[in-house]
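**Student:** Before anything else, here's the structure in question.
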Amino acid sequence: MTDHVVAARAALHMWEEPCLSGEKGSGAVFFSGCPLQCVFCQNRPIALGKAGKEISVQRLADIFLELRDQGANNINLVTPTHFVPQIIEAVRRARTAGLSIPIVYNTGSYENPETISMLEGTADIFLPDLKFRDPEIAERYAGAPDYFETACRAIGEMVRIAGEPEFNSDGILQKGVIVRHMILPGHTKDSEDIIRYLHERYGSRIFISIMNQYTPMEGIGKDYPELARKVTKREYDKVLSYAIDLGVENAYYQNGGTAKESFIPAFDGEGI
Ligand code: SF4
């Protein structure tokens, strides 16, 4: 991507964790481009930077205010890493114009801690993925064998900045870190390693969101036959039981029926 901000959608999003979406929705802004290129990406056209519209920093600030006016609980920056300097300026302008809802930084976590440090005073909530533990898996599915170490450094900086979770009286998160992990079919061991790491490192200072929504995209079975199916209930229950046995208390899990393409929003420029 260049230094011109490109975004593909800005709208209320109802399917984040309940403490983010609540009943009113999370004000999600989907940026184009992504530092990772996961083979199973469900947002592929925008992750490749091939969808979206170029917008100014002032327009981005106005989008934040429009989402606030629609009732958003927060501003949810989706895959924002490569536009951090522009986002910081847009948030500053929007706050000057009265924006007071939390800013959520929603990322795949393949980024430098220095980038995260820049967000001190801008982001209130961090929503990072921790996708892969094993370097071979990270290499095969994202071409990033150093993913785990890189993401862990970034998440460490996020926890330092955001501190412990705080909720308002409606149960909506105001600050803190929720680390997401989406289980991949046939890879429950990697999931367990990730949950153990997070629990041992952070305990109840973070929430862990354990997701079963993996959706095989059309054609993925050609090169990655092991990814051509959903996660089974048995696999999901195994990972959840592991987390419970470890003593994980601050966690979210998903009920059945999440692995559907219909949950993937249309990146048609709405709200941009
Ligand atoms: S980090 Fe997320 S948005 Fe980026 S390529 Fe991977 S799945 Fe897609």
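Labeling convention for the structure tokens: chains A, B, ... as they appear, residues from 1 per chain, ligands from 1 in order of appearance.
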Check which residues fall inside 10 Å of ligand 1 when counting only C-alpha atoms and all ligand atoms, and print them as a PyMOL selection string.
**Tutor:** chain A and resi 30-48+78-80+106-110+128-131+141-142+182
**Student:** Atom CA of Ile63 of chain A and atom CA of Ala8 of chain A, how far apart in Å?
**Tutor:** 12.2 Å
**Student:** Any idea what's packed within 12 Å of Glu149 of chain A, counting only C-alpha atoms, ignoring anything in its chain fewer than 5 positions away? Could you give it as a list of chain:residue names?
**Tutor:** A:Ser109, A:Tyr110, A:Glu111, A:Asn112, A:Pro113, A:Leu130, A:Lys131, A:Phe132, A:Arg133, A:Asp134, A:Pro135, A:Ala138, A:Ala144, A:Ala154, A:Ile155, A:Gly156, A:Ile194, A:Tyr197
**Student:** May I have the selected residues written with all heavy atoms, as a compact mmCIF listing (two decimals), in the first residue's frame?
**Tutor:**
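Output contents, as saved in selection31.txt:
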# COMPACT_ATOMS: atom_id res chain seq x y z
N SER A 109 -1.71 -9.00 13.89
CA SER A 109 -0.58 -8.95 14.83
C SER A 109 0.79 -9.18 14.20
O SER A 109 1.78 -9.32 14.94
CB SER A 109 -0.75 -9.95 15.99
OG SER A 109 -2.00 -9.80 16.59
N TYR A 110 0.90 -9.19 12.89
CA TYR A 110 2.23 -9.34 12.28
C TYR A 110 2.79 -7.94 12.06
O TYR A 110 2.69 -7.38 10.97
CB TYR A 110 2.10 -10.11 10.96
CG TYR A 110 3.43 -10.62 10.44
CD1 TYR A 110 4.27 -11.40 11.22
CD2 TYR A 110 3.84 -10.33 9.14
CE1 TYR A 110 5.48 -11.87 10.74
CE2 TYR A 110 5.05 -10.81 8.64
CZ TYR A 110 5.85 -11.57 9.45
OH TYR A 110 7.06 -12.05 8.97
N GLU A 111 3.31 -7.37 13.13
CA GLU A 111 3.74 -5.98 13.08
C GLU A 111 4.78 -5.71 14.17
O GLU A 111 4.95 -6.52 15.08
CB GLU A 111 2.55 -5.04 13.25
CG GLU A 111 1.75 -5.30 14.51
CD GLU A 111 0.30 -4.86 14.35
OE1 GLU A 111 0.10 -3.71 13.99
OE2 GLU A 111 -0.60 -5.67 14.57
N ASN A 112 5.44 -4.57 14.05
CA ASN A 112 6.51 -4.24 14.98
C ASN A 112 5.97 -3.61 16.26
O ASN A 112 5.00 -2.84 16.20
CB ASN A 112 7.48 -3.25 14.32
CG ASN A 112 8.22 -3.88 13.16
OD1 ASN A 112 8.64 -5.02 13.26
ND2 ASN A 112 8.36 -3.13 12.07
N PRO A 113 6.60 -3.87 17.40
CA PRO A 113 6.15 -3.22 18.64
C PRO A 113 6.23 -1.70 18.55
O PRO A 113 5.45 -0.99 19.18
CB PRO A 113 7.07 -3.80 19.72
CG PRO A 113 8.16 -4.51 19.02
CD PRO A 113 7.70 -4.83 17.64
N LEU A 130 -3.82 -14.16 17.59
CA LEU A 130 -2.59 -14.94 17.73
C LEU A 130 -2.89 -16.23 16.98
O LEU A 130 -3.60 -17.11 17.47
CB LEU A 130 -2.21 -15.18 19.19
CG LEU A 130 -0.81 -15.74 19.41
CD1 LEU A 130 0.27 -14.93 18.70
CD2 LEU A 130 -0.47 -15.85 20.89
N LYS A 131 -2.37 -16.33 15.75
CA LYS A 131 -2.86 -17.32 14.78
C LYS A 131 -2.12 -18.64 14.83
O LYS A 131 -2.74 -19.70 14.77
CB LYS A 131 -2.72 -16.76 13.36
CG LYS A 131 -3.61 -15.59 13.06
CD LYS A 131 -3.26 -15.00 11.69
CE LYS A 131 -4.18 -13.87 11.32
NZ LYS A 131 -5.56 -14.30 11.09
N PHE A 132 -0.78 -18.58 14.84
CA PHE A 132 0.03 -19.79 14.72
C PHE A 132 1.12 -19.80 15.79
O PHE A 132 1.72 -18.77 16.07
CB PHE A 132 0.74 -19.84 13.35
CG PHE A 132 -0.07 -19.36 12.18
CD1 PHE A 132 0.22 -18.14 11.57
CD2 PHE A 132 -1.09 -20.13 11.66
CE1 PHE A 132 -0.49 -17.69 10.47
CE2 PHE A 132 -1.82 -19.69 10.55
CZ PHE A 132 -1.52 -18.48 9.97
N ARG A 133 1.39 -20.98 16.33
CA ARG A 133 2.51 -21.13 17.26
C ARG A 133 3.72 -21.76 16.55
O ARG A 133 4.83 -21.30 16.68
CB ARG A 133 2.08 -22.03 18.44
CG ARG A 133 3.21 -22.46 19.37
CD ARG A 133 3.70 -21.28 20.16
NE ARG A 133 4.87 -21.58 20.97
CZ ARG A 133 6.13 -21.56 20.53
NH1 ARG A 133 6.38 -21.28 19.26
NH2 ARG A 133 7.13 -21.81 21.34
N ASP A 134 3.46 -22.79 15.77
CA ASP A 134 4.51 -23.57 15.11
C ASP A 134 5.00 -22.81 13.87
O ASP A 134 4.21 -22.45 13.00
CB ASP A 134 3.89 -24.92 14.71
CG ASP A 134 4.91 -25.86 14.10
OD1 ASP A 134 5.86 -25.38 13.45
OD2 ASP A 134 4.73 -27.08 14.25
N PRO A 135 6.33 -22.57 13.77
CA PRO A 135 6.85 -21.82 12.60
C PRO A 135 6.53 -22.50 11.27
O PRO A 135 6.35 -21.82 10.26
CB PRO A 135 8.36 -21.78 12.84
CG PRO A 135 8.57 -22.17 14.25
CD PRO A 135 7.38 -22.92 14.73
N ALA A 138 3.03 -21.52 10.38
CA ALA A 138 3.00 -20.11 9.99
C ALA A 138 3.63 -19.90 8.61
O ALA A 138 3.18 -19.05 7.82
CB ALA A 138 3.73 -19.27 11.04
N ALA A 144 5.17 -16.76 6.87
CA ALA A 144 5.76 -15.94 7.94
C ALA A 144 6.22 -16.83 9.09
O ALA A 144 5.58 -16.90 10.14
CB ALA A 144 4.73 -14.93 8.44
N ALA A 154 4.38 -7.79 19.71
CA ALA A 154 3.37 -6.75 19.49
C ALA A 154 2.29 -6.82 20.57
O ALA A 154 1.87 -5.79 21.13
CB ALA A 154 2.75 -6.91 18.09
N ILE A 155 1.84 -8.03 20.90
CA ILE A 155 0.79 -8.18 21.91
C ILE A 155 1.29 -7.71 23.28
O ILE A 155 0.56 -7.08 24.05
CB ILE A 155 0.29 -9.64 21.95
CG1 ILE A 155 -0.51 -9.93 20.67
CG2 ILE A 155 -0.57 -9.91 23.18
CD1 ILE A 155 -0.86 -11.40 20.46
N GLY A 156 2.56 -7.98 23.58
CA GLY A 156 3.12 -7.51 24.85
C GLY A 156 3.01 -5.99 24.97
O GLY A 156 2.67 -5.45 26.04
N ILE A 194 -1.01 -22.21 21.95
CA ILE A 194 -1.25 -20.75 21.97
C ILE A 194 -2.02 -20.35 23.22
O ILE A 194 -1.66 -19.39 23.92
CB ILE A 194 -2.00 -20.33 20.68
CG1 ILE A 194 -0.99 -20.30 19.52
CG2 ILE A 194 -2.69 -18.97 20.85
CD1 ILE A 194 -1.62 -20.15 18.17
N TYR A 197 0.26 -20.54 26.24
CA TYR A 197 1.17 -19.39 26.28
C TYR A 197 0.45 -18.14 26.83
O TYR A 197 0.97 -17.46 27.74
CB TYR A 197 1.73 -19.09 24.87
CG TYR A 197 2.37 -17.73 24.81
CD1 TYR A 197 3.66 -17.52 25.30
CD2 TYR A 197 1.66 -16.64 24.29
CE1 TYR A 197 4.23 -16.25 25.29
CE2 TYR A 197 2.23 -15.37 24.27
CZ TYR A 197 3.50 -15.18 24.77
OH TYR A 197 4.05 -13.92 24.77
**Student:** Write out as JSON, numbers by chain the set of residues from segment 10-222 of chain A that DSSP, computed on the backbone, places in strand (DSSP E or B).
**Tutor:** {"A": [10, 11, 12, 13, 26, 27, 28, 29, 30, 31, 53, 54, 55, 75, 76, 77, 78, 103, 104, 105, 106, 107, 125, 126, 127, 128, 129, 166, 167, 173, 174, 175, 176, 177, 178, 179, 180, 181, 182, 207, 208, 209, 210, 211]}
**Student:** Selected residues, C-alpha atoms, written as a short mmCIF file (atom, residue, chain, number, x, y, z; two decimals), in the first residue's frame, please.
**Tutor:**
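Output below, filename part05.cif:
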data_model
loop_
_atom_site.label_atom_id
_atom_site.label_comp_id
_atom_site.auth_asym_id
_atom_site.auth_seq_id
_atom_site.Cartn_x
_atom_site.Cartn_y
_atom_site.Cartn_z
CA ALA A 10 -17.43 1.41 7.18
CA ALA A 11 -20.56 0.16 8.92
CA LEU A 12 -22.00 -1.12 12.17
CA HIS A 13 -20.82 -4.68 12.74
CA SER A 26 -19.22 -1.89 16.59
CA GLY A 27 -18.28 0.86 14.12
CA ALA A 28 -16.02 -1.18 11.86
CA VAL A 29 -13.76 0.44 9.28
CA PHE A 30 -12.15 -2.15 6.99
CA PHE A 31 -8.83 -0.97 5.58
CA LYS A 53 -11.44 3.52 -2.21
CA GLU A 54 -8.74 6.06 -1.46
CA ILE A 55 -9.79 8.58 1.18
CA ILE A 75 -14.58 2.68 16.38
CA ASN A 76 -13.18 -0.66 15.21
CA LEU A 77 -10.12 -0.30 12.96
CA VAL A 78 -9.82 -3.55 11.00
CA ILE A 103 -10.91 3.17 19.62
CA VAL A 104 -10.35 -0.54 18.87
CA TYR A 105 -7.21 -1.68 17.05
CA ASN A 106 -8.14 -4.97 15.33
CA THR A 107 -5.15 -6.73 13.80
CA ILE A 125 -8.74 -1.50 23.11
CA PHE A 126 -6.59 -3.97 21.23
CA LEU A 127 -8.11 -6.93 19.40
CA PRO A 128 -5.09 -8.88 18.09
CA ASP A 129 -5.08 -12.35 16.59
CA GLU A 166 -12.51 -2.18 32.05
CA PHE A 167 -16.21 -2.27 31.16
CA LEU A 173 -15.45 -2.85 27.00
CA GLN A 174 -13.79 0.56 27.42
CA LYS A 175 -10.15 -0.53 27.53
CA GLY A 176 -8.12 -3.72 27.52
CA VAL A 177 -6.96 -6.52 25.25
CA ILE A 178 -8.87 -9.44 23.73
CA VAL A 179 -6.61 -11.91 21.93
CA ARG A 180 -8.42 -13.90 19.26
CA HIS A 181 -7.47 -17.36 18.18
CA MET A 182 -9.28 -19.12 15.35
CA PHE A 207 -9.48 -11.99 27.49
CA ILE A 208 -8.99 -14.86 25.05
CA SER A 209 -11.55 -15.32 22.28
CA ILE A 210 -11.49 -18.92 21.04
CA MET A 211 -13.12 -19.07 17.62
#
**Student:** With only C-alpha atoms as the atoms that count, which of A:Leu60, A:Ala90, A:Ala123, A:Leu184 lies nearest to Ile137 of chain A?
**Tutor:** A:Leu184
**Student:** Identify which of the residues A:Thr115, A:Gly163, A:Ile195, A:Thr2 lies closest to Pro85 of chain A, counting only C-alpha atoms when measuring atom-to-atom distances.
**Tutor:** A:Thr115
**Student:** Please extract the residues of segment 16-170 of chain A with a backbone DSSP assignment of helix (DSSP H, G or I) and present them as a PyMOL selection string.
**Tutor:** chain A and resi 18-21+44-47+57-69+81-96+113-117+135-142+147-162
**Student:** Using only C-alpha atoms, which of the listed residues (A:Met158, A:Cys152, A:Met118, A:Leu99) sits closest to Ala72 of chain A?
**Tutor:**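 Among the listed residues, the smallest separation from Ala72 of chain A belongs to A:Leu99.
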**Student:** For Tyr252 of chain A, which of A:Leu67, A:Leu198, A:Cys19, A:Ala151 is the closest residue, counting only C-alpha atoms?
**Tutor:**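 Smallest separation from Tyr252 of chain A among the options: A:Cys19.
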**Student:** Please provide the set of residues having any atom within 10 Å of Gly247 of chain A, restricted to only C-alpha atoms, with same-chain residues fewer than 2 positions apart removed, written as a PDB file with C-alpha atoms, in the first residue's frame.
**Tutor:**
ATOM      1  CA  ARG A 196      -1.325 -22.112  27.227  1.00  0.00           C
ATOM      2  CA  HIS A 199      -2.704 -17.990  29.987  1.00  0.00           C
ATOM      3  CA  GLY A 203      -3.589 -14.804  33.147  1.00  0.00           C
ATOM      4  CA  SER A 204      -6.704 -12.693  33.751  1.00  0.00           C
ATOM      5  CA  SER A 241     -11.913 -28.258  27.491  1.00  0.00           C
ATOM      6  CA  TYR A 242      -8.165 -27.714  27.399  1.00  0.00           C
ATOM      7  CA  ALA A 243      -8.644 -24.007  28.192  1.00  0.00           C
ATOM      8  CA  ILE A 244     -11.053 -24.780  31.048  1.00  0.00           C
ATOM      9  CA  ASP A 245      -8.685 -27.385  32.503  1.00  0.00           C
ATOM     10  CA  GLU A 249     -11.557 -17.731  33.067  1.00  0.00           C
ATOM     11  CA  ASN A 250     -11.600 -14.594  30.911  1.00  0.00           C
TER      12      ASN A 250
END
**Student:** Find the distance between atom CA of Val91 of chain A and atom CA of Ala61 of chain A and write it in Å to one decimal.
**Tutor:**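 Between atom CA of Val91 of chain A and atom CA of Ala61 of chain A the gap works out to 6.2 Å.
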**Student:** Hey, which of A:Leu119, A:Ile220, A:Ile183, A:Met1 ends up closest to Gly52 of chain A? Count only C-alpha atoms.
**Tutor:**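 The closest residue to Gly52 of chain A is A:Met1.
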